[in-house]
file run.pdb (PDB, C-alpha atoms)
ATOM      1  CA  ASP S 252     118.713  81.127  88.179  1.00  0.00           C
ATOM      2  CA  ALA S 253     119.847  84.731  87.680  1.00  0.00           C
ATOM      3  CA  LYS S 254     118.900  87.486  90.112  1.00  0.00           C
ATOM      4  CA  THR S 255     116.166  90.100  89.674  1.00  0.00           C
ATOM      5  CA  THR S 256     115.787  93.570  91.193  1.00  0.00           C
ATOM      6  CA  GLN S 257     112.417  95.193  91.816  1.00  0.00           C
ATOM      7  CA  PRO S 258     111.313  98.326  93.679  1.00  0.00           C
ATOM      8  CA  ASN S 259     110.034  97.541  97.150  1.00  0.00           C
ATOM      9  CA  SER S 260     106.727  99.304  96.637  1.00  0.00           C
ATOM     10  CA  MET S 261     104.672 101.298  94.162  1.00  0.00           C
ATOM     11  CA  GLU S 262     101.432 103.213  94.295  1.00  0.00           C
ATOM     12  CA  SER S 263      98.773 103.569  91.664  1.00  0.00           C
ATOM     13  CA  ASN S 264      95.355 105.106  91.293  1.00  0.00           C
ATOM     14  CA  GLU S 265      92.416 102.917  90.527  1.00  0.00           C
ATOM     15  CA  GLU S 266      91.573 102.574  86.835  1.00  0.00           C
ATOM     16  CA  GLU S 267      94.961 103.892  85.746  1.00  0.00           C
ATOM     17  CA  PRO S 268      97.676 101.804  84.063  1.00  0.00           C
ATOM     18  CA  VAL S 269     100.507 100.441  86.211  1.00  0.00           C
ATOM     19  CA  HIS S 270     104.001  99.653  85.015  1.00  0.00           C
ATOM     20  CA  LEU S 271     105.955  97.376  87.347  1.00  0.00           C
ATOM     21  CA  PRO S 272     109.656  97.238  86.454  1.00  0.00           C
ATOM     22  CA  CYS S 273     112.104  94.392  86.912  1.00  0.00           C
ATOM     23  CA  ASN S 274     115.843  94.501  86.262  1.00  0.00           C
ATOM     24  CA  HIS S 275     117.685  91.311  85.412  1.00  0.00           C
ATOM     25  CA  SER S 276     121.011  92.417  84.004  1.00  0.00           C
ATOM     26  CA  THR S 277     122.617  88.970  84.366  1.00  0.00           C
ATOM     27  CA  ILE S 278     119.863  87.155  82.485  1.00  0.00           C
ATOM     28  CA  SER S 279     121.072  84.336  80.262  1.00  0.00           C
ATOM     29  CA  GLY S 280     119.762  83.493  76.839  1.00  0.00           C
ATOM     30  CA  THR S 281     117.884  80.507  78.220  1.00  0.00           C
ATOM     31  CA  ASP S 282     116.101  82.303  81.064  1.00  0.00           C
ATOM     32  CA  TYR S 283     112.347  82.770  80.886  1.00  0.00           C
ATOM     33  CA  ILE S 284     110.855  85.766  82.720  1.00  0.00           C
ATOM     34  CA  HIS S 285     107.948  84.773  84.952  1.00  0.00           C
ATOM     35  CA  TRP S 286     105.666  86.993  87.013  1.00  0.00           C
ATOM     36  CA  TYR S 287     103.635  85.839  89.966  1.00  0.00           C
ATOM     37  CA  ARG S 288     101.578  87.894  92.367  1.00  0.00           C
ATOM     38  CA  GLN S 289     100.414  87.316  95.913  1.00  0.00           C
ATOM     39  CA  LEU S 290      97.155  88.866  97.034  1.00  0.00           C
ATOM     40  CA  PRO S 291      96.733  89.495 100.787  1.00  0.00           C
ATOM     41  CA  SER S 292      96.321  86.291 102.773  1.00  0.00           C
ATOM     42  CA  GLN S 293      96.589  84.105  99.678  1.00  0.00           C
ATOM     43  CA  GLY S 294      99.186  81.972  97.994  1.00  0.00           C
ATOM     44  CA  PRO S 295     101.098  83.293  94.988  1.00  0.00           C
ATOM     45  CA  GLU S 296      99.406  83.028  91.614  1.00  0.00           C
ATOM     46  CA  TYR S 297     100.842  82.968  88.124  1.00  0.00           C
ATOM     47  CA  VAL S 298     100.430  86.123  86.065  1.00  0.00           C
ATOM     48  CA  ILE S 299     102.431  85.839  82.861  1.00  0.00           C
ATOM     49  CA  HIS S 300     105.737  84.744  81.384  1.00  0.00           C
ATOM     50  CA  GLY S 301     107.849  85.443  78.314  1.00  0.00           C
ATOM     51  CA  LEU S 302     111.217  84.860  76.696  1.00  0.00           C
ATOM     52  CA  THR S 303     111.945  87.578  74.128  1.00  0.00           C
ATOM     53  CA  SER S 304     108.729  88.923  72.650  1.00  0.00           C
ATOM     54  CA  ASN S 305     106.111  90.977  74.428  1.00  0.00           C
ATOM     55  CA  VAL S 306     103.234  88.902  75.747  1.00  0.00           C
ATOM     56  CA  ASN S 307      99.598  89.636  76.531  1.00  0.00           C
ATOM     57  CA  ASN S 308      97.008  87.676  78.445  1.00  0.00           C
ATOM     58  CA  ARG S 309      93.764  88.437  80.197  1.00  0.00           C
ATOM     59  CA  MET S 310      95.542  89.542  83.368  1.00  0.00           C
ATOM     60  CA  ALA S 311      98.411  91.672  82.121  1.00  0.00           C
ATOM     61  CA  SER S 312     101.008  92.431  79.476  1.00  0.00           C
ATOM     62  CA  LEU S 313     104.724  91.777  79.667  1.00  0.00           C
ATOM     63  CA  ALA S 314     107.083  94.094  77.858  1.00  0.00           C
ATOM     64  CA  ILE S 315     110.632  92.763  77.496  1.00  0.00           C
ATOM     65  CA  ALA S 316     113.521  95.053  76.628  1.00  0.00           C
ATOM     66  CA  GLU S 317     115.386  94.293  73.438  1.00  0.00           C
ATOM     67  CA  ASP S 318     118.539  93.358  75.362  1.00  0.00           C
ATOM     68  CA  ARG S 319     116.399  91.385  77.853  1.00  0.00           C
ATOM     69  CA  LYS S 320     118.126  93.031  80.794  1.00  0.00           C
ATOM     70  CA  SER S 321     114.822  94.406  82.045  1.00  0.00           C
ATOM     71  CA  SER S 322     111.119  93.818  81.723  1.00  0.00           C
ATOM     72  CA  THR S 323     107.903  95.556  82.714  1.00  0.00           C
ATOM     73  CA  LEU S 324     104.651  94.056  83.853  1.00  0.00           C
ATOM     74  CA  ILE S 325     101.764  96.224  82.705  1.00  0.00           C
ATOM     75  CA  LEU S 326      98.352  96.240  84.310  1.00  0.00           C
ATOM     76  CA  HIS S 327      96.248  98.207  81.877  1.00  0.00           C
ATOM     77  CA  ARG S 328      93.646  99.376  84.335  1.00  0.00           C
ATOM     78  CA  ALA S 329      94.433  98.825  87.994  1.00  0.00           C
ATOM     79  CA  THR S 330      91.609  97.797  90.282  1.00  0.00           C
ATOM     80  CA  LEU S 331      91.591  97.573  94.053  1.00  0.00           C
ATOM     81  CA  ARG S 332      91.803  93.810  93.636  1.00  0.00           C
ATOM     82  CA  ASP S 333      95.208  94.201  91.973  1.00  0.00           C
ATOM     83  CA  ALA S 334      96.769  95.346  95.256  1.00  0.00           C
ATOM     84  CA  ALA S 335      99.330  92.607  95.861  1.00  0.00           C
ATOM     85  CA  VAL S 336     103.028  91.771  95.947  1.00  0.00           C
ATOM     86  CA  TYR S 337     104.323  91.161  92.432  1.00  0.00           C
ATOM     87  CA  TYR S 338     107.307  88.868  91.955  1.00  0.00           C
ATOM     88  CA  CYS S 339     109.545  88.805  88.887  1.00  0.00           C
ATOM     89  CA  ILE S 340     111.324  85.438  88.619  1.00  0.00           C
ATOM     90  CA  LEU S 341     113.808  84.086  86.109  1.00  0.00           C
ATOM     91  CA  ARG S 342     113.668  80.403  85.219  1.00  0.00           C
ATOM     92  CA  ASP S 343     116.214  78.659  83.066  1.00  0.00           C
ATOM     93  CA  ILE S 344     114.874  76.662  80.157  1.00  0.00           C
ATOM     94  CA  SER S 345     116.316  73.566  81.781  1.00  0.00           C
ATOM     95  CA  ASN S 346     114.480  74.278  85.019  1.00  0.00           C
ATOM     96  CA  ALA S 347     111.251  72.681  83.913  1.00  0.00           C
ATOM     97  CA  GLY S 348     109.166  71.614  86.853  1.00  0.00           C
ATOM     98  CA  ASN S 349     111.643  72.803  89.422  1.00  0.00           C
ATOM     99  CA  MET S 350     111.375  75.298  92.240  1.00  0.00           C
ATOM    100  CA  LEU S 351     110.644  78.999  91.991  1.00  0.00           C
ATOM    101  CA  THR S 352     113.107  81.364  93.662  1.00  0.00           C
ATOM    102  CA  PHE S 353     111.223  84.344  95.049  1.00  0.00           C
ATOM    103  CA  GLY S 354     112.859  87.681  95.760  1.00  0.00           C
ATOM    104  CA  GLY S 355     111.306  90.492  97.735  1.00  0.00           C
ATOM    105  CA  GLY S 356     108.864  91.548  95.030  1.00  0.00           C
ATOM    106  CA  THR S 357     107.070  94.876  94.605  1.00  0.00           C
ATOM    107  CA  ARG S 358     104.171  95.711  96.874  1.00  0.00           C
ATOM    108  CA  LEU S 359     101.570  97.488  94.734  1.00  0.00           C
ATOM    109  CA  MET S 360      99.114  99.726  96.521  1.00  0.00           C
ATOM    110  CA  VAL S 361      96.044 100.878  94.595  1.00  0.00           C
ATOM    111  CA  LYS S 362      94.260 104.013  95.743  1.00  0.00           C
ATOM    112  CA  PRO S 363      90.544 104.498  95.060  1.00  0.00           C
TER     113      PRO S 363
ATOM    114  CA  ASP L  85      88.105  75.075  88.730  1.00  0.00           C
ATOM    115  CA  ALA L  86      90.902  72.805  89.992  1.00  0.00           C
ATOM    116  CA  ARG L  87      92.702  74.046  93.095  1.00  0.00           C
ATOM    117  CA  VAL L  88      95.354  72.993  95.558  1.00  0.00           C
ATOM    118  CA  THR L  89      93.819  72.472  98.973  1.00  0.00           C
ATOM    119  CA  GLN L  90      95.601  72.664 102.314  1.00  0.00           C
ATOM    120  CA  THR L  91      94.509  71.717 105.817  1.00  0.00           C
ATOM    121  CA  PRO L  92      94.381  73.077 108.382  1.00  0.00           C
ATOM    122  CA  ARG L  93      94.203  76.715 107.354  1.00  0.00           C
ATOM    123  CA  HIS L  94      95.281  77.852 110.790  1.00  0.00           C
ATOM    124  CA  LYS L  95      97.091  76.035 113.566  1.00  0.00           C
ATOM    125  CA  VAL L  96      98.105  77.271 116.990  1.00  0.00           C
ATOM    126  CA  THR L  97     100.189  74.928 119.067  1.00  0.00           C
ATOM    127  CA  GLU L  98     102.630  74.912 121.926  1.00  0.00           C
ATOM    128  CA  MET L  99     106.340  74.433 121.640  1.00  0.00           C
ATOM    129  CA  GLY L 100     107.296  70.779 121.556  1.00  0.00           C
ATOM    130  CA  GLN L 101     104.061  69.559 120.000  1.00  0.00           C
ATOM    131  CA  GLU L 102     103.880  67.701 116.709  1.00  0.00           C
ATOM    132  CA  VAL L 103     102.303  69.522 113.774  1.00  0.00           C
ATOM    133  CA  THR L 104     101.084  67.888 110.571  1.00  0.00           C
ATOM    134  CA  MET L 105     100.055  69.893 107.540  1.00  0.00           C
ATOM    135  CA  ARG L 106      98.328  68.321 104.576  1.00  0.00           C
ATOM    136  CA  CYS L 107      98.078  69.216 100.932  1.00  0.00           C
ATOM    137  CA  GLN L 108      95.990  67.858  98.088  1.00  0.00           C
ATOM    138  CA  PRO L 109      97.613  68.761  94.777  1.00  0.00           C
ATOM    139  CA  ILE L 110      95.664  69.350  91.595  1.00  0.00           C
ATOM    140  CA  LEU L 111      94.678  66.029  90.046  1.00  0.00           C
ATOM    141  CA  GLY L 112      97.187  65.017  87.411  1.00  0.00           C
ATOM    142  CA  HIS L 113     100.011  67.237  88.663  1.00  0.00           C
ATOM    143  CA  ASN L 114     103.085  65.148  89.378  1.00  0.00           C
ATOM    144  CA  THR L 115     105.229  67.755  91.139  1.00  0.00           C
ATOM    145  CA  VAL L 116     104.473  69.033  94.634  1.00  0.00           C
ATOM    146  CA  PHE L 117     106.318  71.817  96.448  1.00  0.00           C
ATOM    147  CA  TRP L 118     106.386  73.011 100.044  1.00  0.00           C
ATOM    148  CA  TYR L 119     107.293  76.663 100.611  1.00  0.00           C
ATOM    149  CA  ARG L 120     107.465  78.643 103.841  1.00  0.00           C
ATOM    150  CA  GLN L 121     106.860  82.366 104.138  1.00  0.00           C
ATOM    151  CA  THR L 122     107.988  84.610 106.974  1.00  0.00           C
ATOM    152  CA  MET L 123     108.353  88.363 107.220  1.00  0.00           C
ATOM    153  CA  MET L 124     112.118  88.050 107.638  1.00  0.00           C
ATOM    154  CA  GLN L 125     112.924  85.413 105.006  1.00  0.00           C
ATOM    155  CA  GLY L 126     110.119  85.845 102.517  1.00  0.00           C
ATOM    156  CA  LEU L 127     109.094  82.818 100.469  1.00  0.00           C
ATOM    157  CA  GLU L 128     111.576  79.964 100.552  1.00  0.00           C
ATOM    158  CA  LEU L 129     111.453  76.393  99.316  1.00  0.00           C
ATOM    159  CA  LEU L 130     111.494  73.627 101.888  1.00  0.00           C
ATOM    160  CA  ALA L 131     111.153  70.539  99.708  1.00  0.00           C
ATOM    161  CA  TYR L 132     109.620  69.178  96.557  1.00  0.00           C
ATOM    162  CA  PHE L 133     108.559  65.875  95.055  1.00  0.00           C
ATOM    163  CA  ARG L 134     108.111  64.513  91.585  1.00  0.00           C
ATOM    164  CA  ASN L 135     106.036  61.395  91.020  1.00  0.00           C
ATOM    165  CA  ARG L 136     105.985  61.101  94.841  1.00  0.00           C
ATOM    166  CA  ALA L 137     109.771  60.862  95.104  1.00  0.00           C
ATOM    167  CA  PRO L 138     111.655  63.614  96.963  1.00  0.00           C
ATOM    168  CA  LEU L 139     113.831  65.657  94.602  1.00  0.00           C
ATOM    169  CA  ASP L 140     115.133  68.337  96.912  1.00  0.00           C
ATOM    170  CA  ASP L 141     114.672  68.799 100.634  1.00  0.00           C
ATOM    171  CA  SER L 142     117.781  70.878 101.265  1.00  0.00           C
ATOM    172  CA  GLY L 143     115.681  73.787 102.566  1.00  0.00           C
ATOM    173  CA  MET L 144     114.228  71.728 105.375  1.00  0.00           C
ATOM    174  CA  PRO L 145     115.679  71.404 108.893  1.00  0.00           C
ATOM    175  CA  LYS L 146     116.204  67.655 108.834  1.00  0.00           C
ATOM    176  CA  ASP L 147     116.160  67.081 112.556  1.00  0.00           C
ATOM    177  CA  ARG L 148     112.571  68.221 113.035  1.00  0.00           C
ATOM    178  CA  PHE L 149     110.889  68.472 109.636  1.00  0.00           C
ATOM    179  CA  SER L 150     109.771  65.635 107.410  1.00  0.00           C
ATOM    180  CA  ALA L 151     107.831  65.653 104.152  1.00  0.00           C
ATOM    181  CA  GLU L 152     106.151  62.706 102.486  1.00  0.00           C
ATOM    182  CA  MET L 153     103.721  61.805  99.730  1.00  0.00           C
ATOM    183  CA  PRO L 154     101.820  58.720 100.870  1.00  0.00           C
ATOM    184  CA  ASP L 155      99.976  58.751  97.541  1.00  0.00           C
ATOM    185  CA  ALA L 156      99.561  60.966  94.499  1.00  0.00           C
ATOM    186  CA  THR L 157      96.677  62.886  96.077  1.00  0.00           C
ATOM    187  CA  LEU L 158      98.248  63.695  99.436  1.00  0.00           C
ATOM    188  CA  ALA L 159     101.413  65.445 100.573  1.00  0.00           C
ATOM    189  CA  THR L 160     102.243  65.940 104.239  1.00  0.00           C
ATOM    190  CA  LEU L 161     104.670  68.179 106.079  1.00  0.00           C
ATOM    191  CA  LYS L 162     105.379  67.277 109.669  1.00  0.00           C
ATOM    192  CA  ILE L 163     107.236  69.185 112.351  1.00  0.00           C
ATOM    193  CA  GLN L 164     108.267  67.343 115.500  1.00  0.00           C
ATOM    194  CA  PRO L 165     108.985  68.924 117.879  1.00  0.00           C
ATOM    195  CA  SER L 166     107.735  72.357 116.878  1.00  0.00           C
ATOM    196  CA  GLU L 167     109.516  75.530 117.985  1.00  0.00           C
ATOM    197  CA  PRO L 168     108.419  79.188 118.041  1.00  0.00           C
ATOM    198  CA  ARG L 169     110.763  79.960 115.126  1.00  0.00           C
ATOM    199  CA  ASP L 170     108.669  77.602 112.970  1.00  0.00           C
ATOM    200  CA  SER L 171     105.800  80.108 113.091  1.00  0.00           C
ATOM    201  CA  ALA L 172     105.114  80.986 109.461  1.00  0.00           C
ATOM    202  CA  VAL L 173     102.717  80.424 106.600  1.00  0.00           C
ATOM    203  CA  TYR L 174     103.366  77.143 104.835  1.00  0.00           C
ATOM    204  CA  PHE L 175     102.318  76.919 101.198  1.00  0.00           C
ATOM    205  CA  CYS L 176     101.905  73.846  99.079  1.00  0.00           C
ATOM    206  CA  ALA L 177     102.063  74.162  95.305  1.00  0.00           C
ATOM    207  CA  SER L 178     101.684  71.678  92.479  1.00  0.00           C
ATOM    208  CA  GLY L 179     102.554  71.656  88.814  1.00  0.00           C
ATOM    209  CA  LEU L 180     103.504  69.702  85.725  1.00  0.00           C
ATOM    210  CA  PRO L 181     106.958  70.045  84.169  1.00  0.00           C
ATOM    211  CA  LEU L 182     106.823  71.488  80.683  1.00  0.00           C
ATOM    212  CA  VAL L 183     109.637  71.524  78.151  1.00  0.00           C
ATOM    213  CA  GLY L 184     111.394  74.859  78.234  1.00  0.00           C
ATOM    214  CA  GLY L 185     110.785  75.797  81.844  1.00  0.00           C
ATOM    215  CA  THR L 186     107.485  77.479  81.070  1.00  0.00           C
ATOM    216  CA  ASP L 187     105.421  75.462  83.508  1.00  0.00           C
ATOM    217  CA  THR L 188     103.183  77.150  86.042  1.00  0.00           C
ATOM    218  CA  GLN L 189     102.946  76.394  89.725  1.00  0.00           C
ATOM    219  CA  TYR L 190      99.578  76.505  91.443  1.00  0.00           C
ATOM    220  CA  PHE L 191      99.618  77.455  95.094  1.00  0.00           C
ATOM    221  CA  GLY L 192      97.251  76.508  97.864  1.00  0.00           C
ATOM    222  CA  PRO L 193      95.884  79.011 100.385  1.00  0.00           C
ATOM    223  CA  GLY L 194      98.502  78.153 102.963  1.00  0.00           C
ATOM    224  CA  THR L 195      98.545  76.955 106.567  1.00  0.00           C
ATOM    225  CA  ARG L 196      99.274  79.694 109.075  1.00  0.00           C
ATOM    226  CA  LEU L 197     101.203  78.085 111.929  1.00  0.00           C
ATOM    227  CA  THR L 198     101.745  79.762 115.271  1.00  0.00           C
ATOM    228  CA  VAL L 199     103.956  78.014 117.808  1.00  0.00           C
ATOM    229  CA  LEU L 200     103.716  79.487 121.302  1.00  0.00           C
TER     230      LEU L 200
END

call {"tool": "encode", "arguments": {"input": "run.pdb", "output": "structure tokens"}}
result
Amino acid sequence: DAKTTQPNSMESNEEEPVHLPCNHSTISGTDYIHWYRQLPSQGPEYVIHGLTSNVNNRMASLAIAEDRKSSTLILHRATLRDAAVYYCILRDISNAGNMLTFGGGTRLMVKP
Amino acid sequence: DARVTQTPRHKVTEMGQEVTMRCQPILGHNTVFWYRQTMMQGLELLAYFRNRAPLDDSGMPKDRFSAEMPDATLATLKIQPSEPRDSAVYFCASGLPLVGGTDTQYFGPGTRLTVL
């Protein structure tokens, strides 16, 4: 799977939107973009995924650049509970059911 | 709300002792993963199984680690003998392969292992 680059850490104020960037300049046409997050002292949990179009779910939105070389995870209204490490992961379409390769992720700190 | 369960949640042991960690995947999931997380290495895959058969254990030190699935509801990870460098949080995850690589993995709460 291709490599992703994320900032080590970001800060946000509570109840404000957060935009978490991910660069994946070597993405292939068959790579899905997945986001997981890891809350303190917990295992990672799935957040969202997409291929080409922007995606929304109850947790977040995923905005994918037109050239797919970058994407942004959007938390519309950060809460203290959203403080976590967010991982952007690429998975090839043929990688169904196989391992996730985690990078360093972005540590999001939310200030009250 | 189906969840992956892991036992024990915490384990402190002395170097040279055997350690066994257990995982109950979500019912119906046929793929089980073992990951290890340390401050230095982050999250890395140790091994995974599909339909109880090992698919990849290349991340596991073969001389001391072993992973098995005695049945579809239980996965075990054993370390014998344990060493201080094995101190880490060990996560189990389960999932179902979906066409197109869009499947989700569900992680357990982890076992925090400390080897003195």

call {"tool": "residues_around", "arguments": {"input": "run.pdb", "residues": "S:Asn349", "least_positions_apart": "2", "cutoff": "10 Å", "atoms": "all atoms listed in the file", "output": "list in words"}}
result
Arg342, Asp343, Ser345, Asn346, Ala347, Leu351 and Thr352 of chain S; Thr115, Val116, Phe117, Tyr132, Phe133, Arg134, Leu139, Asp140, Gly179, Leu180, Pro181, Gly185, Asp187 and Gln189 of chain L

call {"tool": "interface_residues", "arguments": {"input": "run.pdb", "of": "chain S", "to": "chain L", "cutoff": "12 Å", "atoms": "all atoms listed in the file", "output": "PyMOL selection string"}}
result
chain S and resi 252+281-302+336+338+340-356

call {"tool": "atom_distance", "arguments": {"input": "run.pdb", "atom1": "atom CA of L:Leu200", "atom2": "atom CA of L:Met124"}}
result
18.2 Å

call {"tool": "residues_around", "arguments": {"input": "run.pdb", "residues": "stretch 253-262 of chain S", "least_positions_apart": "2", "cutoff": "7 Å", "atoms": "only C-alpha atoms", "output": "PyMOL selection string"}}
result
chain S and resi 272-275+277-278+339-341+356-361

call {"tool": "write_last_selection", "arguments": {"input": "run.pdb", "atoms": "C-alpha atoms", "output": "JSON list (two decimals), in the coordinates of the input"}}
result
[["chain", "number", "residue", "atom", "x", "y", "z"],
["S", 272, "PRO", "CA", 109.66, 97.24, 86.45],
["S", 273, "CYS", "CA", 112.10, 94.39, 86.91],
["S", 274, "ASN", "CA", 115.84, 94.50, 86.26],
["S", 275, "HIS", "CA", 117.68, 91.31, 85.41],
["S", 277, "THR", "CA", 122.62, 88.97, 84.37],
["S", 278, "ILE", "CA", 119.86, 87.16, 82.48],
["S", 339, "CYS", "CA", 109.54, 88.80, 88.89],
["S", 340, "ILE", "CA", 111.32, 85.44, 88.62],
["S", 341, "LEU", "CA", 113.81, 84.09, 86.11],
["S", 356, "GLY", "CA", 108.86, 91.55, 95.03],
["S", 357, "THR", "CA", 107.07, 94.88, 94.60],
["S", 358, "ARG", "CA", 104.17, 95.71, 96.87],
["S", 359, "LEU", "CA", 101.57, 97.49, 94.73],
["S", 360, "MET", "CA", 99.11, 99.73, 96.52],
["S", 361, "VAL", "CA", 96.04, 100.88, 94.60]]

call {"tool": "resolve_selection", "arguments": {"input": "run.pdb", "expression": "the PyMOL selection byres ((chain L and resi 197) around 7)", "output": "PDB file with C-alpha atoms, keeping the file's coordinate frame"}}
result
ATOM      1  CA  HIS L  94      95.281  77.852 110.790  1.00  0.00           C
ATOM      2  CA  LYS L  95      97.091  76.035 113.566  1.00  0.00           C
ATOM      3  CA  VAL L  96      98.105  77.271 116.990  1.00  0.00           C
ATOM      4  CA  SER L 171     105.800  80.108 113.091  1.00  0.00           C
ATOM      5  CA  ALA L 172     105.114  80.986 109.461  1.00  0.00           C
ATOM      6  CA  VAL L 173     102.717  80.424 106.600  1.00  0.00           C
ATOM      7  CA  THR L 195      98.545  76.955 106.567  1.00  0.00           C
ATOM      8  CA  ARG L 196      99.274  79.694 109.075  1.00  0.00           C
ATOM      9  CA  THR L 198     101.745  79.762 115.271  1.00  0.00           C
ATOM     10  CA  VAL L 199     103.956  78.014 117.808  1.00  0.00           C
TER      11      VAL L 199
END

call {"tool": "closest_residue", "arguments": {"input": "run.pdb", "among": "L:Ser142, L:Thr122, L:Thr97, L:Thr89", "to": "L:Thr157", "atoms": "only C-alpha atoms"}}
result
L:Thr89

call {"tool": "residues_around", "arguments": {"input": "run.pdb", "residues": "S:Lys362", "least_positions_apart": "4", "cutoff": "12 Å", "atoms": "all atoms listed in the file", "output": "PDB file with C-alpha atoms, in the frame of the given file"}}
result
ATOM      1  CA  MET S 261     104.672 101.298  94.162  1.00  0.00           C
ATOM      2  CA  GLU S 262     101.432 103.213  94.295  1.00  0.00           C
ATOM      3  CA  SER S 263      98.773 103.569  91.664  1.00  0.00           C
ATOM      4  CA  ASN S 264      95.355 105.106  91.293  1.00  0.00           C
ATOM      5  CA  GLU S 265      92.416 102.917  90.527  1.00  0.00           C
ATOM      6  CA  GLU S 266      91.573 102.574  86.835  1.00  0.00           C
ATOM      7  CA  GLU S 267      94.961 103.892  85.746  1.00  0.00           C
ATOM      8  CA  VAL S 269     100.507 100.441  86.211  1.00  0.00           C
ATOM      9  CA  ALA S 329      94.433  98.825  87.994  1.00  0.00           C
ATOM     10  CA  THR S 330      91.609  97.797  90.282  1.00  0.00           C
ATOM     11  CA  LEU S 331      91.591  97.573  94.053  1.00  0.00           C
ATOM     12  CA  ARG S 332      91.803  93.810  93.636  1.00  0.00           C
ATOM     13  CA  ASP S 333      95.208  94.201  91.973  1.00  0.00           C
ATOM     14  CA  ALA S 334      96.769  95.346  95.256  1.00  0.00           C
TER      15      ALA S 334
END

call {"tool": "atom_distance", "arguments": {"input": "run.pdb", "atom1": "atom CA of L:Met123", "atom2": "atom CA of L:Lys162"}}
result
21.4 Å
